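Reading through the C-alpha cells given below for one structure.
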Amino acid sequence: MAARKFFVGGNWKMNGSKAEIKSIVETLNAAPLNDQTDIVVSPPACYLEFTKGLLSSNISTAGQNCYKVSKGAFTGDLSPQMLADVGADWVILGHSERRNVFGEDDQLIAEKVEFALESGLGVIACIGEKLEEREAGETESVVFRQMAAIVSKVKSWDKVVVAYEPVWAIGTGKTASPQQAQEVHAQLRNWLKEKVSESISNSVRIIYGGSVTGGNCKELAKETDIDGFLVGGASLKPEFIEIINART
C-alpha cells in the first residue's frame with residue numbers, strides 16, 4: 001500500500017485584507033516547506049485570484065464554499081466553475097459553520113460535493129459532531145451519517161480529502177487528544193472499508209481539524225490514521241509553517 005501523502009489546508013474563513021494576505025503569503029513563500037506535503041490555503045473568495053498570484057507554485061488555493069450548479073439566480077453564491085476560473089484547485093464543503101450557522105444539511109452538502117467533483121475541483125469534505133452529540137455517545141452515528149450522504153454522491157475518490165472536525169474543538173482552544181482523534185479516524189477508515197472498498201479506505205486521506213496549533217501538531221501527526229490537518233486561526237499566523245512541517 002502506497003503511503004498517503006500528508007495534506008495541510010489553511011482555512012482563513014472571513015479574515016484578511018490585501019495587506020494582511022500579502023504579509024501571510026510572503027512568510028509562507030520564504031519558509032522551508034516540506035515537499036512531501038500537499039499545501040492548500042483558502043482565502044475569502046474575493047481574494048482568491050489575488051492570493052493565487054502571490055503564492056509560490058507549491059501552494060494551491062481552495063474556495064471556502066460553492067453551490068451545486070454552474071450559474072443562475074443564486075444571489076451571493078459561487079459555482080465551482082467560478083472558483084476554477086480564478087485559479088482554485090480545491091473547495092471546502094460541509095464545514096461545520098456552513099452546517100450549523102447557515103443551515104446546510106447532509107443532502108445539500110452531498111449534492112455540492114458531487115457537482116464540485118464533476119466540475120474538476122478537488123473537495124475537502126468536512127464532517128464532525130457537536131459537543132452534546134459527543135457527550136451523548138453519538139459521535140460514530142453522526143459522522144457515519146454525514147459520510148453516508150457524501151459517499152452516495154462520489155464516483156471517484158481521487159480528488160476527495162475527508163476532514164474530521166469535531167465542532168466542539170473548532171476555535172475553542174479545545175483539541176481532541178491525539179488518541180481521541182485517531183480513534184474516530186480509524187473508525188471512519190473501517191467504515192469506508194465496509195461501505196465503499198478496502199482500497200479506498202486505505203488510500204483516502206482523512207485529516208483532522210479543531211484548534212490545531214504549532215504546539216500540538218506533531219503529536220497529532222504521529223497517529224497512524226491522521227493524514228494532515230485543516231487549520232483555522234493558526235493558518236493566519238507564522239506557526240502555520242510548523243503545522244505544514246509537522247510530519248518530517
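Going by the C-alpha cells order, chains are called A, B, ..., each with residues numbered from 1, while ligands are numbered from 1 in the order shown.
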What are the nearest atom pairs, with distances in Å to one decimal, for all residues of range 81-158 of chain A that come at most 9 Å from range 39-54 of chain A, using only C-alpha atoms, set out by chain and rising residue number as a Markdown table?
| residue | atom | partner | partner_atom | distance |
| --- | --- | --- | --- | --- |
| A:Leu83 | CA | A:Ala45 | CA | 7.9 |
| A:Asp85 | CA | A:Glu49 | CA | 8.9 |
| A:Val86 | CA | A:Glu49 | CA | 5.1 |
| A:Gly87 | CA | A:Glu49 | CA | 6.3 |
| A:Ala88 | CA | A:Leu48 | CA | 7.2 |
| A:Asp89 | CA | A:Val40 | CA | 8.7 |
| A:Trp90 | CA | A:Val40 | CA | 8.0 |
| A:Val91 | CA | A:Ser42 | CA | 8.1 |
| A:Ile92 | CA | A:Ser42 | CA | 8.2 |
Legend entry - Sel. of strand (DSSP E or B) residues, range 77-245 of chain A, as a ChimeraX atom specification: /A:90-93,122-127,160-164,205-208,228-231
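Shortest separation to Cys217 in chain A among A:Lys237, A:Lys193, A:Lys5, A:Arg247 occurs at residue A:Arg247, atoms counted being only C-alpha atoms.
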Inset, instruction - Enumerate as a ChimeraX atom specification all residues of range 152-193 of chain A assigned to alpha helix (DSSP H) by DSSP on the backbone, naming them with the chain letters and numbers the document uses. - result: /A:178-193
Inset, instruction - Measure the distance from CA of Val8 in chain A to CA of Ser197 in chain A in Å and round it to one decimal. - result: 24.8 Å
